[in-house]
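Listing of data-v7.txt; format and content: compact mmCIF, C-alpha atoms and all ligand atoms.
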# COMPACT_ATOMS: atom_id res chain seq x y z
CA MET A 1 -45.09 -48.95 29.00
CA SER A 2 -46.63 -49.60 32.46
CA GLU A 3 -44.62 -49.85 35.65
CA ASN A 4 -45.28 -53.63 35.63
CA ASP A 5 -44.05 -53.97 32.06
CA ILE A 6 -40.85 -52.17 33.03
CA ILE A 7 -40.37 -54.49 36.00
CA ARG A 8 -41.09 -57.53 33.82
CA GLU A 9 -38.63 -56.30 31.18
CA GLU A 10 -36.01 -55.74 33.83
CA SER A 11 -36.66 -59.13 35.48
CA MET A 12 -36.27 -60.74 32.06
CA ALA A 13 -33.04 -58.83 31.74
CA ASP A 14 -31.87 -60.50 34.96
CA LEU A 15 -31.55 -63.64 32.89
CA TRP A 16 -28.95 -61.61 31.04
CA ASN A 17 -27.48 -59.80 33.98
CA VAL A 18 -24.90 -57.36 32.70
CA TRP A 19 -23.58 -54.49 34.81
CA TYR A 20 -21.01 -51.85 33.89
CA SER A 21 -18.90 -50.60 36.79
CA GLU A 22 -16.67 -47.53 36.80
CA LEU A 23 -14.35 -47.94 39.75
CA HIS A 24 -12.30 -45.23 41.39
CA GLN A 25 -8.84 -46.66 42.11
CA GLY A 26 -10.51 -50.07 42.34
CA ARG A 27 -12.03 -49.26 45.72
CA ALA A 28 -15.37 -47.51 45.12
CA GLY A 29 -17.51 -46.68 42.16
CA LEU A 30 -20.73 -46.57 40.23
CA THR A 31 -22.35 -49.68 38.80
CA VAL A 32 -25.08 -49.48 36.17
CA LYS A 33 -27.34 -52.19 34.78
CA VAL A 34 -26.83 -52.56 31.01
CA LYS A 35 -29.68 -53.18 28.57
CA GLN A 36 -27.45 -53.56 25.54
CA VAL A 37 -23.90 -52.95 24.36
CA VAL A 38 -24.66 -50.69 21.41
CA TYR A 39 -21.09 -50.32 20.15
CA SER A 40 -17.62 -51.44 21.18
CA GLY A 41 -14.49 -50.54 19.27
CA GLN A 42 -10.93 -49.28 19.42
CA SER A 43 -9.81 -46.00 17.87
CA PRO A 44 -6.13 -45.13 17.36
CA PHE A 45 -6.36 -43.35 20.72
CA GLN A 46 -8.69 -45.28 23.01
CA ARG A 47 -11.35 -47.92 23.52
CA ILE A 48 -14.83 -46.60 22.72
CA ASP A 49 -17.95 -48.24 24.20
CA ILE A 50 -21.53 -47.11 23.91
CA LEU A 51 -23.86 -48.81 26.38
CA ASP A 52 -27.63 -48.55 26.62
CA THR A 53 -28.47 -48.55 30.35
CA TYR A 54 -31.76 -48.74 32.28
CA GLU A 55 -31.06 -45.78 34.55
CA PHE A 56 -29.13 -43.28 32.40
CA GLY A 57 -30.01 -44.14 28.81
CA LYS A 58 -27.14 -44.39 26.38
CA MET A 59 -23.69 -43.86 27.86
CA LEU A 60 -20.39 -42.95 26.11
CA VAL A 61 -17.49 -44.74 27.78
CA LEU A 62 -13.90 -43.96 26.74
CA TYR A 63 -10.98 -46.07 28.05
CA GLY A 64 -13.45 -47.54 30.55
CA SER A 65 -14.56 -44.17 31.99
CA ILE A 66 -17.97 -42.55 31.71
CA MET A 67 -17.89 -39.42 29.52
CA ILE A 68 -21.57 -38.60 28.94
CA THR A 69 -24.97 -40.16 29.51
CA GLU A 70 -28.23 -39.20 27.82
CA ARG A 71 -29.82 -38.55 31.20
CA ASP A 72 -27.34 -36.15 32.81
CA GLU A 73 -24.97 -34.80 30.10
CA TYR A 74 -26.76 -31.45 30.10
CA ILE A 75 -25.44 -30.57 33.56
CA TYR A 76 -21.76 -30.67 32.63
CA HIS A 77 -22.27 -29.07 29.20
CA GLU A 78 -24.42 -26.21 30.55
CA MET A 79 -22.01 -25.53 33.40
CA ILE A 80 -18.78 -25.51 31.36
CA SER A 81 -20.37 -23.14 28.80
CA HIS A 82 -22.90 -20.67 30.24
CA ILE A 83 -20.85 -19.40 33.18
CA PRO A 84 -18.02 -18.00 30.96
CA LEU A 85 -20.43 -17.01 28.16
CA PHE A 86 -22.65 -14.99 30.54
CA THR A 87 -19.52 -13.34 31.94
CA HIS A 88 -17.72 -12.19 28.77
CA PRO A 89 -19.48 -9.13 27.25
CA ASN A 90 -18.99 -10.14 23.60
CA PRO A 91 -17.82 -13.76 23.11
CA ARG A 92 -17.46 -13.97 19.30
CA LYS A 93 -14.70 -16.58 18.88
CA VAL A 94 -14.85 -19.69 21.10
CA LEU A 95 -12.43 -22.64 21.17
CA VAL A 96 -13.36 -26.04 22.65
CA ILE A 97 -10.53 -28.51 23.21
CA GLY A 98 -11.68 -32.15 23.56
CA GLY A 99 -15.46 -32.19 23.65
CA GLY A 100 -15.89 -34.60 20.73
CA ASP A 101 -19.42 -35.52 21.84
CA GLY A 102 -20.54 -32.03 20.79
CA GLY A 103 -22.46 -31.15 23.97
CA THR A 104 -20.32 -28.13 24.81
CA VAL A 105 -20.56 -26.84 21.22
CA ARG A 106 -24.37 -27.23 21.44
CA GLU A 107 -24.55 -25.06 24.55
CA VAL A 108 -22.04 -22.46 23.25
CA LEU A 109 -24.15 -21.92 20.11
CA LYS A 110 -27.19 -21.00 22.23
CA HIS A 111 -25.43 -17.60 22.48
CA PRO A 112 -26.25 -15.64 19.29
CA GLU A 113 -23.20 -13.35 19.61
CA VAL A 114 -20.88 -16.35 19.02
CA GLU A 115 -19.68 -16.11 15.41
CA GLN A 116 -17.47 -19.21 15.34
CA VAL A 117 -16.80 -22.16 17.61
CA THR A 118 -13.71 -24.25 16.87
CA LEU A 119 -13.64 -27.81 18.20
CA VAL A 120 -10.18 -29.41 18.44
CA GLU A 121 -10.75 -33.12 19.11
CA ILE A 122 -7.92 -35.64 18.78
CA ASP A 123 -10.14 -38.63 18.00
CA GLU A 124 -12.29 -38.42 14.84
CA MET A 125 -13.98 -41.70 15.78
CA VAL A 126 -15.51 -40.12 18.91
CA VAL A 127 -17.18 -37.44 16.79
CA GLU A 128 -18.34 -40.03 14.27
CA LYS A 129 -19.89 -42.31 16.91
CA CYS A 130 -21.51 -39.43 18.82
CA LYS A 131 -23.11 -38.11 15.62
CA GLU A 132 -24.52 -41.61 15.08
CA TYR A 133 -25.59 -42.57 18.62
CA PHE A 134 -26.03 -39.21 20.42
CA PRO A 135 -27.62 -36.98 17.76
CA GLU A 136 -29.25 -34.77 20.44
CA VAL A 137 -25.79 -34.04 21.88
CA ALA A 138 -23.84 -33.75 18.62
CA CYS A 139 -26.62 -31.74 16.92
CA GLU A 140 -24.58 -28.53 16.38
CA LEU A 141 -21.43 -30.18 15.01
CA THR A 142 -22.84 -29.59 11.52
CA ASN A 143 -23.77 -25.96 12.27
CA PRO A 144 -22.05 -23.59 9.76
CA LYS A 145 -20.59 -21.71 12.76
CA THR A 146 -18.78 -24.89 13.88
CA ARG A 147 -15.25 -25.68 12.68
CA ILE A 148 -13.87 -29.12 13.67
CA LEU A 149 -10.12 -29.87 13.66
CA PHE A 150 -9.02 -33.44 14.36
CA GLN A 151 -5.73 -33.00 16.16
CA ASP A 152 -4.03 -32.84 19.53
CA GLY A 153 -5.27 -29.78 21.39
CA ALA A 154 -1.84 -29.19 22.96
CA ARG A 155 -0.17 -29.15 19.53
CA PHE A 156 -2.89 -26.85 18.18
CA MET A 157 -2.21 -24.37 21.00
CA GLU A 158 1.51 -24.47 20.25
CA GLU A 159 1.08 -23.90 16.50
CA THR A 160 -1.91 -21.61 16.05
CA ASP A 161 -1.57 -17.85 15.81
CA GLU A 162 -5.33 -17.37 16.28
CA LYS A 163 -6.76 -15.64 19.33
CA PHE A 164 -10.01 -16.45 21.08
CA ASP A 165 -12.43 -14.74 23.45
CA ILE A 166 -13.23 -17.97 25.32
CA ILE A 167 -11.34 -21.29 25.50
CA LEU A 168 -13.07 -24.31 27.07
CA ILE A 169 -10.99 -27.36 27.98
CA ASP A 170 -13.53 -30.17 27.77
CA SER A 171 -11.00 -32.92 28.44
CA PRO A 172 -11.36 -36.38 29.96
CA ASP A 173 -9.27 -37.33 33.00
CA PRO A 174 -5.53 -36.62 32.88
CA VAL A 175 -4.69 -39.95 31.23
CA GLY A 176 -3.32 -40.92 27.84
CA PRO A 177 -3.51 -38.14 25.24
CA ALA A 178 -5.33 -35.88 27.73
CA GLU A 179 -2.50 -35.81 30.26
CA VAL A 180 -0.83 -32.89 28.45
CA LEU A 181 -4.01 -30.80 28.85
CA PHE A 182 -3.41 -30.58 32.60
CA GLN A 183 0.14 -29.31 32.37
CA LYS A 184 1.41 -25.77 33.03
CA LYS A 185 2.97 -25.36 29.57
CA PHE A 186 -0.40 -26.01 27.94
CA HIS A 187 -2.14 -23.60 30.32
CA GLN A 188 0.45 -20.92 29.49
CA ASN A 189 -0.25 -21.46 25.77
CA VAL A 190 -3.97 -21.08 26.47
CA PHE A 191 -3.26 -17.77 28.22
CA ASP A 192 -1.22 -16.60 25.21
CA ARG A 193 -3.99 -17.53 22.73
CA LEU A 194 -6.70 -15.64 24.62
CA ASN A 195 -7.55 -12.03 23.75
CA ASP A 196 -6.68 -9.40 26.37
CA ASP A 197 -10.12 -9.82 27.96
CA GLY A 198 -10.36 -13.58 27.38
CA ILE A 199 -11.73 -16.28 29.67
CA MET A 200 -10.76 -19.94 29.98
CA VAL A 201 -12.67 -22.71 31.75
CA ALA A 202 -11.20 -26.18 32.27
CA GLN A 203 -12.98 -29.17 33.77
CA SER A 204 -10.87 -29.82 36.85
CA GLU A 205 -11.97 -33.24 38.09
CA SER A 206 -13.67 -34.33 41.33
CA PRO A 207 -12.84 -32.19 44.40
CA PHE A 208 -13.71 -35.25 46.48
CA TYR A 209 -11.52 -37.88 44.84
CA ASN A 210 -8.98 -35.81 42.84
CA GLN A 211 -7.86 -33.11 45.29
CA ARG A 212 -4.17 -33.32 44.31
CA THR A 213 -4.97 -32.77 40.62
CA LEU A 214 -7.32 -29.90 41.46
CA ARG A 215 -4.81 -28.23 43.78
CA ARG A 216 -1.96 -28.51 41.26
CA MET A 217 -4.16 -27.12 38.46
CA TYR A 218 -5.34 -24.24 40.67
CA GLU A 219 -1.78 -23.40 41.70
CA ASN A 220 -0.59 -23.45 38.06
CA LEU A 221 -3.49 -21.38 36.79
CA SER A 222 -3.37 -18.86 39.64
CA GLY A 223 0.26 -18.24 38.71
CA ILE A 224 -0.64 -17.58 35.05
CA PHE A 225 -3.99 -15.69 35.19
CA PRO A 226 -4.87 -12.62 37.29
CA LEU A 227 -8.09 -14.38 38.32
CA ALA A 228 -8.68 -18.11 38.88
CA MET A 229 -11.88 -19.34 40.53
CA ILE A 230 -13.24 -22.84 41.10
CA TYR A 231 -16.94 -23.62 40.73
CA TRP A 232 -18.78 -26.89 40.95
CA ALA A 233 -21.83 -28.84 39.84
CA TYR A 234 -23.67 -31.98 40.86
CA ILE A 235 -23.18 -34.65 38.18
CA PRO A 236 -24.70 -38.02 39.20
CA THR A 237 -22.59 -40.19 36.90
CA TYR A 238 -19.22 -38.58 37.63
CA PRO A 239 -17.08 -40.00 40.44
CA SER A 240 -18.49 -38.84 43.84
CA GLY A 241 -21.24 -36.83 42.06
CA ILE A 242 -19.47 -33.50 42.72
CA TRP A 243 -17.43 -32.10 39.80
CA SER A 244 -15.30 -28.99 39.53
CA PHE A 245 -14.50 -26.43 36.87
CA THR A 246 -11.77 -23.79 37.05
CA LEU A 247 -12.54 -20.43 35.48
CA CYS A 248 -9.54 -18.22 34.61
CA SER A 249 -9.98 -14.66 33.43
CA LYS A 250 -7.75 -11.85 32.16
CA GLN A 251 -10.24 -9.11 32.94
CA TYR A 252 -13.85 -10.00 33.81
CA HIS A 253 -15.21 -11.45 37.06
CA PRO A 254 -17.91 -14.16 36.82
CA LEU A 255 -19.94 -12.66 39.67
CA GLN A 256 -19.34 -8.90 39.36
CA ASP A 257 -19.61 -8.95 35.53
CA PHE A 258 -22.44 -11.52 35.26
CA LYS A 259 -24.63 -10.40 32.30
CA ARG A 260 -27.90 -10.72 34.27
CA GLU A 261 -29.97 -8.65 31.84
CA GLN A 262 -28.71 -10.57 28.79
CA TYR A 263 -29.41 -13.87 30.59
CA ARG A 264 -32.99 -12.80 31.28
CA ALA A 265 -33.49 -11.36 27.80
CA LEU A 266 -32.01 -14.35 25.97
CA GLY A 267 -34.22 -16.87 27.80
CA ILE A 268 -32.13 -19.89 26.74
CA LYS A 269 -33.54 -23.30 27.64
CA THR A 270 -31.43 -25.00 30.31
CA ASN A 271 -32.21 -27.81 32.77
CA TYR A 272 -29.53 -27.09 35.37
CA TYR A 273 -27.92 -23.68 34.84
CA ASN A 274 -29.80 -20.53 35.94
CA GLU A 275 -28.83 -17.15 37.37
CA GLY A 276 -28.94 -18.43 40.94
CA ILE A 277 -26.71 -21.39 40.08
CA HIS A 278 -24.34 -18.97 38.29
CA GLN A 279 -23.72 -17.30 41.65
CA ALA A 280 -24.05 -20.29 43.97
CA ALA A 281 -21.68 -22.56 41.99
CA PHE A 282 -18.74 -20.50 43.25
CA VAL A 283 -19.66 -21.09 46.91
CA LEU A 284 -17.34 -23.93 47.87
CA PRO A 285 -17.71 -26.42 50.72
CA ASN A 286 -14.92 -26.11 53.32
CA PHE A 287 -13.34 -29.44 52.31
CA VAL A 288 -12.87 -28.05 48.77
CA LYS A 289 -11.53 -24.69 49.99
CA ASN A 290 -9.14 -26.50 52.31
CA ALA A 291 -8.08 -28.91 49.55
CA ILE A 292 -6.92 -26.16 47.20
CA VAL A 293 -4.99 -24.19 49.82
CA GLN A 294 -1.62 -25.89 50.29
CA LYS A 295 -1.27 -26.40 54.04
N1 LIG B 301 -17.11 -34.31 29.72
C1 LIG B 301 -16.09 -35.33 29.68
C2 LIG B 301 -15.32 -35.38 30.97
O1 LIG B 301 -15.42 -34.44 31.78
O2 LIG B 301 -14.63 -36.40 31.17
C3 LIG B 301 -15.18 -35.12 28.50
C4 LIG B 301 -15.91 -35.34 27.25
S1 LIG B 301 -15.09 -35.40 25.75
C5 LIG B 301 -15.66 -36.96 25.23
C6 LIG B 301 -13.37 -35.61 26.03
C7 LIG B 301 -12.66 -35.69 24.68
O3 LIG B 301 -11.31 -35.23 24.78
C8 LIG B 301 -12.55 -37.12 24.10
O4 LIG B 301 -13.33 -37.21 22.94
C9 LIG B 301 -11.06 -37.31 23.80
O5 LIG B 301 -10.83 -38.01 22.59
C10 LIG B 301 -10.59 -35.87 23.72
N2 LIG B 301 -9.15 -35.66 23.95
C11 LIG B 301 -8.35 -36.32 24.82
N3 LIG B 301 -7.09 -35.82 24.75
C12 LIG B 301 -7.10 -34.83 23.80
C13 LIG B 301 -6.12 -33.95 23.28
N4 LIG B 301 -4.84 -33.98 23.71
N5 LIG B 301 -6.50 -33.06 22.33
C14 LIG B 301 -7.79 -33.03 21.88
N6 LIG B 301 -8.77 -33.84 22.34
C15 LIG B 301 -8.42 -34.73 23.29
Can I see the file as structure tokens?
Amino acid sequence: MSENDIIREESMADLWNVWYSELHQGRAGLTVKVKQVVYSGQSPFQRIDILDTYEFGKMLVLYGSIMITERDEYIYHEMISHIPLFTHPNPRKVLVIGGGDGGTVREVLKHPEVEQVTLVEIDEMVVEKCKEYFPEVACELTNPKTRILFQDGARFMEETDEKFDIILIDSPDPVGPAEVLFQKKFHQNVFDRLNDDGIMVAQSESPFYNQRTLRRMYENLSGIFPLAMIYWAYIPTYPSGIWSFTLCSKQYHPLQDFKREQYRALGIKTNYYNEGIHQAAFVLPNFVKNAIVQK
């Protein structure tokens, strides 16, 4: 389609001028021009919308907040997965809590040493809709190495006696059913369900807009794990564009124990993560460093 055709199509769309806005506390936000509302529904846990947008392709929106877009989902999913997986020397059993779109599972299974990845997602409808509308994200949910449990991740952590090498908390914001995934009791259960050399990574919100949440999480996790380190990535469709992850480890260090040779030998295809990013992501701007140190 030529540039002119695109402009003509978009000008036609102005006759049907629909924009989706995700606002941060009603004062600032991102607004995106919508081509088509592909799906809108209500699960037992949340509202689920799938929008086709001009700029970011299809977009999964839960409870009115952007979760993934076709255009930039790879950044978040590569960064929550490859940093812990290229730190742990032999990650065989991986647990993903949340993550119903399947993007984190897809990235985890790029590591051949992983024998099983368990996805604990509370909302079966999210998995169902992502398999239907985001097949390139949900592609490994049918992999024989993938086990999917539809239940509350906090309850699973209370009840399971399994242990894992890596646990990834791929949660939405701390609202509704996800609120419990940001609490100290849950983080303690994660610690208890990790092997003696285990690693956990949790998405820890925007260090620009959500400094209180990030600081509280960091304080909790630093009191539970011997090592807690924040790293960040640039994610265009997340509030402020800067997003944080908190890596917690019982034994290995993401920089000193980075498996550089395995990274180079494996040659996995990524569009954001690389060995330079693996190091640089832990270099924090002063405003983030200052935000996590209680003055
Ligand atoms: N990358 C996204 C982000 O950073 O906001 C998160 C993606 S994923 C869609 C988040 C998933 O967590 C949702 O599918 C939601 O249903 C699920 N979820 C929320 N609370 C949960 C809980 N307590 N246990 C398990 N899954 C939960």
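Between A:Glu55 and the candidates A:Leu227, A:Ala154, A:Met67, A:Leu30, the tightest atom-to-atom separation, counting all atoms listed in the file, involves A:Leu30.
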Polymer residues at most 7 Å from A:Tyr20, only C-alpha atoms, same-chain spacing of 4 or more positions, as a VMD selection string: chain A and resid 31 to 34
In Å and to one decimal, atom CA of A:Glu132 is distant from atom O4 of ligand LIG 301 (chain B) by 14.4 Å
Give the residue list for ligand LIG 301 (chain B) at 9 Å, counting all atoms listed in the file, as a ChimeraX atom specification, sorted by chain and then by residue number. /A:45-46,60-62,65-68,73,76-77,96-104,119-127,150-156,169-181,203-205,238,243
Find the residues near A:Asp165: any atom within 7 Å, counting only C-alpha atoms, skip ones fewer than 5 places away on the same chain, and give them as a short mmCIF file (atom, residue, chain, number, x, y, z; two decimals) with C-alpha atoms, in the coordinates of the input.
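After the write, around_34.cif holds the following:
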data_model
loop_
_atom_site.label_atom_id
_atom_site.label_comp_id
_atom_site.auth_asym_id
_atom_site.auth_seq_id
_atom_site.Cartn_x
_atom_site.Cartn_y
_atom_site.Cartn_z
CA PRO A 91 -17.82 -13.76 23.11
CA ARG A 92 -17.46 -13.97 19.30
CA LYS A 93 -14.70 -16.58 18.88
CA VAL A 94 -14.85 -19.69 21.10
CA LEU A 194 -6.70 -15.64 24.62
CA ASN A 195 -7.55 -12.03 23.75
CA GLY A 198 -10.36 -13.58 27.38
CA ILE A 199 -11.73 -16.28 29.67
#
Show me, as JSON, the centre and edge lengths in Å to one decimal of the axis-aligned box that covers every listed atom of stretch 97-110 of chain A with 4 Å on each side.
{"center_x": -18.9, "center_y": -28.3, "center_z": 22.5, "size_x": 24.7, "size_y": 22.5, "size_z": 12.7}
Excluding A:Gln256 and its own-chain neighbours fewer than 5 positions away, which residues fall within 12 Å of it when counting all atoms listed in the file? Please give them as a ChimeraX atom specification. /A:86-88,251,278-279
As a compact mmCIF listing (two decimals), in the frame of the given file, the rebuilt stretch 170-203 of chain A with N, CA and C atoms:
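Output file part_0.txt follows:
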# COMPACT_ATOMS: atom_id res chain seq x y z
N ASP A 170 -12.55 -29.11 27.49
CA ASP A 170 -13.53 -30.17 27.77
C ASP A 170 -12.82 -31.52 27.63
N SER A 171 -11.89 -31.74 28.54
CA SER A 171 -11.00 -32.92 28.44
C SER A 171 -11.55 -34.07 29.28
N PRO A 172 -11.07 -35.29 29.02
CA PRO A 172 -11.36 -36.38 29.96
C PRO A 172 -10.40 -36.26 31.15
N ASP A 173 -10.22 -37.35 31.87
CA ASP A 173 -9.27 -37.33 33.00
C ASP A 173 -7.85 -37.19 32.47
N PRO A 174 -6.93 -36.81 33.32
CA PRO A 174 -5.53 -36.62 32.88
C PRO A 174 -4.84 -37.96 32.61
N VAL A 175 -5.32 -38.68 31.61
CA VAL A 175 -4.69 -39.95 31.23
C VAL A 175 -4.51 -39.99 29.73
N GLY A 176 -3.53 -40.76 29.29
CA GLY A 176 -3.32 -40.92 27.84
C GLY A 176 -3.10 -39.58 27.16
N PRO A 177 -3.74 -39.39 25.98
CA PRO A 177 -3.51 -38.14 25.24
C PRO A 177 -3.98 -36.89 25.99
N ALA A 178 -4.82 -37.07 27.02
CA ALA A 178 -5.33 -35.88 27.73
C ALA A 178 -4.39 -35.38 28.81
N GLU A 179 -3.41 -36.19 29.15
CA GLU A 179 -2.50 -35.81 30.26
C GLU A 179 -1.88 -34.43 30.04
N VAL A 180 -1.52 -34.16 28.78
CA VAL A 180 -0.83 -32.89 28.45
C VAL A 180 -1.74 -31.68 28.68
N LEU A 181 -3.06 -31.91 28.68
CA LEU A 181 -4.01 -30.80 28.85
C LEU A 181 -4.12 -30.33 30.29
N PHE A 182 -3.39 -30.98 31.18
CA PHE A 182 -3.41 -30.58 32.60
C PHE A 182 -2.08 -29.97 33.02
N GLN A 183 -1.20 -29.78 32.02
CA GLN A 183 0.14 -29.31 32.37
C GLN A 183 0.30 -27.79 32.20
N LYS A 184 1.24 -27.22 32.96
CA LYS A 184 1.41 -25.77 33.03
C LYS A 184 1.74 -25.17 31.67
N LYS A 185 2.55 -25.88 30.90
CA LYS A 185 2.97 -25.36 29.57
C LYS A 185 1.75 -25.16 28.68
N PHE A 186 0.84 -26.12 28.74
CA PHE A 186 -0.40 -26.01 27.94
C PHE A 186 -1.23 -24.83 28.44
N HIS A 187 -1.33 -24.70 29.77
CA HIS A 187 -2.14 -23.60 30.32
C HIS A 187 -1.53 -22.24 29.95
N GLN A 188 -0.20 -22.18 29.88
CA GLN A 188 0.45 -20.92 29.49
C GLN A 188 0.11 -20.62 28.02
N ASN A 189 0.12 -21.66 27.18
CA ASN A 189 -0.25 -21.46 25.77
C ASN A 189 -1.70 -21.00 25.64
N VAL A 190 -2.57 -21.52 26.50
CA VAL A 190 -3.97 -21.08 26.47
C VAL A 190 -4.03 -19.59 26.80
N PHE A 191 -3.29 -19.20 27.83
CA PHE A 191 -3.26 -17.77 28.22
C PHE A 191 -2.82 -16.90 27.02
N ASP A 192 -1.77 -17.37 26.34
CA ASP A 192 -1.22 -16.60 25.21
C ASP A 192 -2.19 -16.52 24.03
N ARG A 193 -3.07 -17.52 23.88
CA ARG A 193 -3.99 -17.53 22.73
C ARG A 193 -5.36 -16.89 23.05
N LEU A 194 -5.47 -16.37 24.26
CA LEU A 194 -6.70 -15.64 24.62
C LEU A 194 -6.52 -14.15 24.34
N ASN A 195 -7.60 -13.50 23.89
CA ASN A 195 -7.55 -12.03 23.75
C ASN A 195 -7.33 -11.37 25.12
N ASP A 196 -7.05 -10.09 25.11
CA ASP A 196 -6.68 -9.40 26.37
C ASP A 196 -7.79 -9.46 27.42
N ASP A 197 -9.01 -9.71 26.99
CA ASP A 197 -10.12 -9.82 27.96
C ASP A 197 -10.71 -11.23 27.94
N GLY A 198 -9.87 -12.21 27.55
CA GLY A 198 -10.36 -13.58 27.38
C GLY A 198 -10.62 -14.33 28.68
N ILE A 199 -11.38 -15.41 28.53
CA ILE A 199 -11.73 -16.28 29.67
C ILE A 199 -11.50 -17.73 29.28
N MET A 200 -10.93 -18.50 30.20
CA MET A 200 -10.76 -19.94 29.98
C MET A 200 -11.51 -20.70 31.09
N VAL A 201 -12.14 -21.79 30.73
CA VAL A 201 -12.67 -22.71 31.75
C VAL A 201 -12.16 -24.10 31.42
N ALA A 202 -11.65 -24.79 32.44
CA ALA A 202 -11.20 -26.18 32.27
C ALA A 202 -11.98 -27.05 33.25
N GLN A 203 -12.40 -28.25 32.79
CA GLN A 203 -12.98 -29.17 33.77
C GLN A 203 -11.81 -29.59 34.64
